[in-house]
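Source file: entry.cif (mmCIF, N, CA, C and O atoms)
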data_input
#
loop_
_atom_site.label_atom_id
_atom_site.label_comp_id
_atom_site.auth_asym_id
_atom_site.auth_seq_id
_atom_site.Cartn_x
_atom_site.Cartn_y
_atom_site.Cartn_z
N MET H 19 31.42 -105.24 -15.68
CA MET H 19 30.40 -104.47 -15.00
C MET H 19 31.03 -103.69 -13.85
O MET H 19 31.81 -104.24 -13.09
N PRO H 20 30.65 -102.43 -13.73
CA PRO H 20 31.18 -101.63 -12.62
C PRO H 20 30.60 -102.08 -11.28
O PRO H 20 29.45 -102.49 -11.19
N ASN H 21 31.42 -102.00 -10.27
CA ASN H 21 31.02 -102.45 -8.94
C ASN H 21 30.51 -101.32 -8.04
O ASN H 21 29.78 -101.56 -7.10
N THR H 22 30.92 -100.10 -8.31
CA THR H 22 30.54 -98.98 -7.45
C THR H 22 29.78 -97.94 -8.26
O THR H 22 29.78 -97.94 -9.49
N LYS H 23 29.15 -97.03 -7.52
CA LYS H 23 28.37 -95.97 -8.15
C LYS H 23 29.27 -95.05 -8.98
O LYS H 23 28.92 -94.63 -10.10
N SER H 24 30.45 -94.74 -8.46
CA SER H 24 31.36 -93.86 -9.18
C SER H 24 31.88 -94.54 -10.44
O SER H 24 32.09 -93.89 -11.47
N ALA H 25 32.06 -95.85 -10.39
CA ALA H 25 32.50 -96.59 -11.58
C ALA H 25 31.41 -96.57 -12.65
O ALA H 25 31.71 -96.48 -13.85
N GLU H 26 30.15 -96.65 -12.24
CA GLU H 26 29.05 -96.56 -13.20
C GLU H 26 29.04 -95.20 -13.88
O GLU H 26 28.83 -95.10 -15.09
N ARG H 27 29.28 -94.16 -13.10
CA ARG H 27 29.35 -92.80 -13.65
C ARG H 27 30.48 -92.69 -14.67
O ARG H 27 30.32 -92.09 -15.73
N ARG H 28 31.63 -93.26 -14.31
CA ARG H 28 32.78 -93.19 -15.22
C ARG H 28 32.49 -93.90 -16.54
O ARG H 28 32.91 -93.46 -17.60
N VAL H 29 31.77 -95.01 -16.48
CA VAL H 29 31.41 -95.75 -17.70
C VAL H 29 30.53 -94.87 -18.59
O VAL H 29 30.73 -94.79 -19.81
N ARG H 30 29.55 -94.20 -17.97
CA ARG H 30 28.65 -93.32 -18.74
C ARG H 30 29.43 -92.16 -19.35
O ARG H 30 29.26 -91.81 -20.52
N ASN H 31 30.29 -91.55 -18.55
CA ASN H 31 31.09 -90.42 -19.04
C ASN H 31 32.01 -90.85 -20.16
O ASN H 31 32.16 -90.14 -21.17
N SER H 32 32.63 -92.00 -20.02
CA SER H 32 33.55 -92.49 -21.04
C SER H 32 32.81 -92.73 -22.35
O SER H 32 33.33 -92.42 -23.43
N ALA H 33 31.62 -93.26 -22.27
CA ALA H 33 30.83 -93.52 -23.48
C ALA H 33 30.48 -92.21 -24.18
O ALA H 33 30.57 -92.11 -25.41
N ARG H 34 30.09 -91.20 -23.40
CA ARG H 34 29.77 -89.89 -23.99
C ARG H 34 30.99 -89.27 -24.66
O ARG H 34 30.92 -88.76 -25.78
N LYS H 35 32.11 -89.33 -23.96
CA LYS H 35 33.34 -88.73 -24.51
C LYS H 35 33.82 -89.49 -25.74
O LYS H 35 34.34 -88.88 -26.68
N GLN H 36 33.63 -90.80 -25.76
CA GLN H 36 34.05 -91.60 -26.91
C GLN H 36 33.28 -91.18 -28.16
O GLN H 36 33.87 -91.04 -29.24
N VAL H 37 31.99 -90.94 -28.02
CA VAL H 37 31.17 -90.51 -29.16
C VAL H 37 31.65 -89.16 -29.67
O VAL H 37 31.82 -88.95 -30.87
N ARG H 38 31.89 -88.23 -28.76
CA ARG H 38 32.35 -86.89 -29.16
C ARG H 38 33.73 -86.96 -29.80
O ARG H 38 33.95 -86.35 -30.85
N ASN H 39 34.64 -87.69 -29.20
CA ASN H 39 35.99 -87.79 -29.74
C ASN H 39 35.98 -88.40 -31.13
O ASN H 39 36.69 -87.94 -32.03
N ARG H 40 35.16 -89.43 -31.33
CA ARG H 40 35.10 -90.08 -32.63
C ARG H 40 34.59 -89.11 -33.69
O ARG H 40 35.12 -89.05 -34.80
N SER H 41 33.57 -88.31 -33.37
CA SER H 41 33.02 -87.39 -34.35
C SER H 41 34.04 -86.30 -34.70
O SER H 41 34.18 -85.93 -35.87
N VAL H 42 34.76 -85.81 -33.70
CA VAL H 42 35.76 -84.77 -33.96
C VAL H 42 36.91 -85.32 -34.81
O VAL H 42 37.36 -84.69 -35.76
N LYS H 43 37.37 -86.53 -34.49
CA LYS H 43 38.46 -87.13 -35.25
C LYS H 43 38.05 -87.40 -36.69
O LYS H 43 38.83 -87.21 -37.63
N THR H 44 36.81 -87.83 -36.88
CA THR H 44 36.31 -88.07 -38.23
C THR H 44 36.27 -86.77 -39.02
O THR H 44 36.65 -86.73 -40.19
N LYS H 45 35.81 -85.70 -38.38
CA LYS H 45 35.77 -84.40 -39.05
C LYS H 45 37.17 -83.95 -39.43
O LYS H 45 37.39 -83.43 -40.53
N LEU H 46 38.14 -84.16 -38.54
CA LEU H 46 39.52 -83.78 -38.83
C LEU H 46 40.06 -84.55 -40.04
O LEU H 46 40.71 -83.97 -40.92
N LYS H 47 39.79 -85.84 -40.09
CA LYS H 47 40.27 -86.65 -41.21
C LYS H 47 39.64 -86.21 -42.52
O LYS H 47 40.31 -86.15 -43.56
N THR H 48 38.35 -85.88 -42.49
CA THR H 48 37.66 -85.42 -43.69
C THR H 48 38.24 -84.10 -44.17
O THR H 48 38.50 -83.92 -45.37
N LEU H 49 38.45 -83.17 -43.24
CA LEU H 49 39.03 -81.88 -43.61
C LEU H 49 40.43 -82.04 -44.19
O LEU H 49 40.80 -81.36 -45.15
N GLU H 50 41.20 -82.94 -43.59
CA GLU H 50 42.56 -83.17 -44.08
C GLU H 50 42.53 -83.74 -45.50
O GLU H 50 43.29 -83.31 -46.36
N LYS H 51 41.62 -84.67 -45.73
CA LYS H 51 41.51 -85.27 -47.06
C LYS H 51 41.10 -84.21 -48.09
O LYS H 51 41.66 -84.15 -49.19
N ASN H 52 40.14 -83.36 -47.73
CA ASN H 52 39.71 -82.30 -48.64
C ASN H 52 40.84 -81.31 -48.91
O ASN H 52 41.03 -80.87 -50.06
N LEU H 53 41.59 -80.98 -47.88
CA LEU H 53 42.71 -80.04 -48.03
C LEU H 53 43.77 -80.62 -48.96
O LEU H 53 44.27 -79.92 -49.86
N ARG H 54 44.10 -81.88 -48.79
CA ARG H 54 45.09 -82.51 -49.65
C ARG H 54 44.65 -82.54 -51.11
O ARG H 54 45.44 -82.29 -52.02
N SER H 55 43.37 -82.82 -51.34
CA SER H 55 42.88 -82.86 -52.72
C SER H 55 42.92 -81.47 -53.35
O SER H 55 43.25 -81.34 -54.53
N LEU H 56 42.60 -80.44 -52.58
CA LEU H 56 42.66 -79.08 -53.11
C LEU H 56 44.09 -78.67 -53.43
O LEU H 56 44.34 -77.98 -54.43
N VAL H 57 45.03 -79.07 -52.60
CA VAL H 57 46.44 -78.75 -52.85
C VAL H 57 46.91 -79.42 -54.13
O VAL H 57 47.60 -78.81 -54.95
N GLU H 58 46.52 -80.69 -54.31
CA GLU H 58 46.92 -81.41 -55.52
C GLU H 58 46.31 -80.78 -56.77
O GLU H 58 46.94 -80.77 -57.83
N GLU H 59 45.09 -80.24 -56.66
CA GLU H 59 44.45 -79.61 -57.80
C GLU H 59 45.00 -78.21 -58.06
O GLU H 59 44.82 -77.67 -59.15
N GLY H 60 45.64 -77.60 -57.07
CA GLY H 60 46.26 -76.30 -57.24
C GLY H 60 45.30 -75.13 -57.08
O GLY H 60 45.53 -74.06 -57.64
N LYS H 61 44.25 -75.28 -56.33
CA LYS H 61 43.27 -74.22 -56.10
C LYS H 61 43.68 -73.42 -54.87
O LYS H 61 43.34 -73.76 -53.74
N LYS H 62 44.41 -72.32 -55.11
CA LYS H 62 45.02 -71.58 -54.01
C LYS H 62 44.00 -70.92 -53.08
O LYS H 62 44.16 -70.97 -51.86
N GLU H 63 42.99 -70.28 -53.64
CA GLU H 63 42.02 -69.58 -52.79
C GLU H 63 41.25 -70.55 -51.91
O GLU H 63 41.03 -70.30 -50.72
N GLU H 64 40.85 -71.67 -52.48
CA GLU H 64 40.10 -72.66 -51.72
C GLU H 64 40.99 -73.35 -50.68
O GLU H 64 40.52 -73.73 -49.61
N VAL H 65 42.28 -73.47 -51.00
CA VAL H 65 43.22 -74.07 -50.05
C VAL H 65 43.34 -73.18 -48.81
O VAL H 65 43.36 -73.69 -47.68
N THR H 66 43.42 -71.87 -49.00
CA THR H 66 43.56 -70.98 -47.85
C THR H 66 42.32 -71.04 -46.96
O THR H 66 42.44 -71.04 -45.73
N LYS H 67 41.13 -71.11 -47.57
CA LYS H 67 39.90 -71.23 -46.78
C LYS H 67 39.87 -72.55 -46.03
O LYS H 67 39.52 -72.61 -44.84
N ALA H 68 40.22 -73.63 -46.71
CA ALA H 68 40.22 -74.95 -46.08
C ALA H 68 41.26 -75.02 -44.97
O ALA H 68 41.01 -75.63 -43.92
N LEU H 69 42.41 -74.40 -45.19
CA LEU H 69 43.46 -74.40 -44.17
C LEU H 69 43.03 -73.63 -42.93
O LEU H 69 43.28 -74.06 -41.80
N ARG H 70 42.35 -72.53 -43.14
CA ARG H 70 41.86 -71.74 -42.02
C ARG H 70 40.85 -72.55 -41.20
O ARG H 70 40.90 -72.57 -39.97
N GLU H 71 39.96 -73.25 -41.89
CA GLU H 71 38.98 -74.08 -41.19
C GLU H 71 39.67 -75.23 -40.46
O GLU H 71 39.31 -75.57 -39.33
N MET H 72 40.67 -75.82 -41.10
CA MET H 72 41.40 -76.93 -40.49
C MET H 72 42.10 -76.48 -39.21
O MET H 72 42.06 -77.18 -38.20
N HIS H 73 42.71 -75.30 -39.25
CA HIS H 73 43.37 -74.76 -38.05
C HIS H 73 42.37 -74.57 -36.93
O HIS H 73 42.65 -74.90 -35.77
N SER H 74 41.21 -74.05 -37.27
CA SER H 74 40.18 -73.80 -36.27
C SER H 74 39.74 -75.10 -35.60
O SER H 74 39.66 -75.19 -34.37
N VAL H 75 39.46 -76.11 -36.41
CA VAL H 75 38.99 -77.38 -35.87
C VAL H 75 40.09 -78.06 -35.06
O VAL H 75 39.84 -78.64 -34.01
N LEU H 76 41.34 -77.97 -35.52
CA LEU H 76 42.46 -78.54 -34.77
C LEU H 76 42.62 -77.87 -33.41
O LEU H 76 42.82 -78.55 -32.40
N ASP H 77 42.52 -76.55 -33.40
CA ASP H 77 42.65 -75.83 -32.13
C ASP H 77 41.53 -76.21 -31.16
O ASP H 77 41.77 -76.39 -29.97
N LYS H 78 40.32 -76.33 -31.68
CA LYS H 78 39.19 -76.69 -30.82
C LYS H 78 39.34 -78.12 -30.31
O LYS H 78 39.00 -78.41 -29.15
N ALA H 79 39.86 -79.01 -31.15
CA ALA H 79 40.06 -80.39 -30.72
C ALA H 79 41.13 -80.47 -29.62
O ALA H 79 40.99 -81.21 -28.64
N ALA H 80 42.19 -79.69 -29.78
CA ALA H 80 43.24 -79.67 -28.77
C ALA H 80 42.73 -79.06 -27.47
O ALA H 80 43.03 -79.54 -26.38
N LYS H 81 41.92 -78.02 -27.59
CA LYS H 81 41.36 -77.37 -26.41
C LYS H 81 40.44 -78.33 -25.65
O LYS H 81 40.43 -78.34 -24.41
N GLY H 82 39.71 -79.14 -26.38
CA GLY H 82 38.79 -80.07 -25.76
C GLY H 82 39.43 -81.37 -25.30
O GLY H 82 38.77 -82.22 -24.72
N GLY H 83 40.72 -81.54 -25.58
CA GLY H 83 41.43 -82.73 -25.13
C GLY H 83 41.25 -83.94 -26.03
O GLY H 83 41.55 -85.05 -25.62
N VAL H 84 40.76 -83.72 -27.24
CA VAL H 84 40.55 -84.84 -28.16
C VAL H 84 41.89 -85.30 -28.73
O VAL H 84 42.14 -86.50 -28.84
N ILE H 85 42.74 -84.34 -29.05
CA ILE H 85 44.07 -84.68 -29.57
C ILE H 85 45.13 -84.09 -28.67
O ILE H 85 44.87 -83.20 -27.89
#
Now that the file is in, can you turn its structure into structure tokens?
Amino acid sequence: MPNTKSAERRVRNSARKQVRNRSVKTKLKTLEKNLRSLVEEGKKEEVTKALREMHSVLDKAAKGGVI
């Protein structure tokens, strides 16, 4: 249990950030899995679209400090 008011705030902030980080990381893993399956199937056009989306999500995750 937090002892000070600022510690209580930090607990709340950490919980909020944990939820956001978990959702972003899950999305990244899903996109990576989809990208790998498309590469194995040899679908070039769909791979380029998936790769573009993956880059976008990775950049946003890095910008937000998730990764």
Can you tell me how far atom C of Arg34 (chain H) sits from atom O of Leu76 (chain H), in Å to one decimal?
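Answer for the atom C of Arg34 (chain H) to atom O of Leu76 (chain H) separation: 17.7 Å.
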Under the rule that all atoms listed in the file are counted, which of H:Leu53, H:Arg28, H:Lys43, H:Pro20 is the nearest residue to Leu69 (chain H)?
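For Leu69 (chain H), the nearest of the given residues is H:Leu53.
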CA of Leu56 (chain H) and atom N of Ala68 (chain H) are how many Å apart?
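Here the two named atoms are 8.8 Å from each other.
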Interatomic distance (Å, one decimal) between atom C of Lys47 (chain H) and CA of Ala33 (chain H):
22.2 Å
Which protein, DNA or RNA residues have an atom at most 8 Å from (37.8, -85.6, -32.0), counting all atoms listed in the file? List them as a PyMOL selection string.
chain H and resi 35-46+75+78-80+83-85
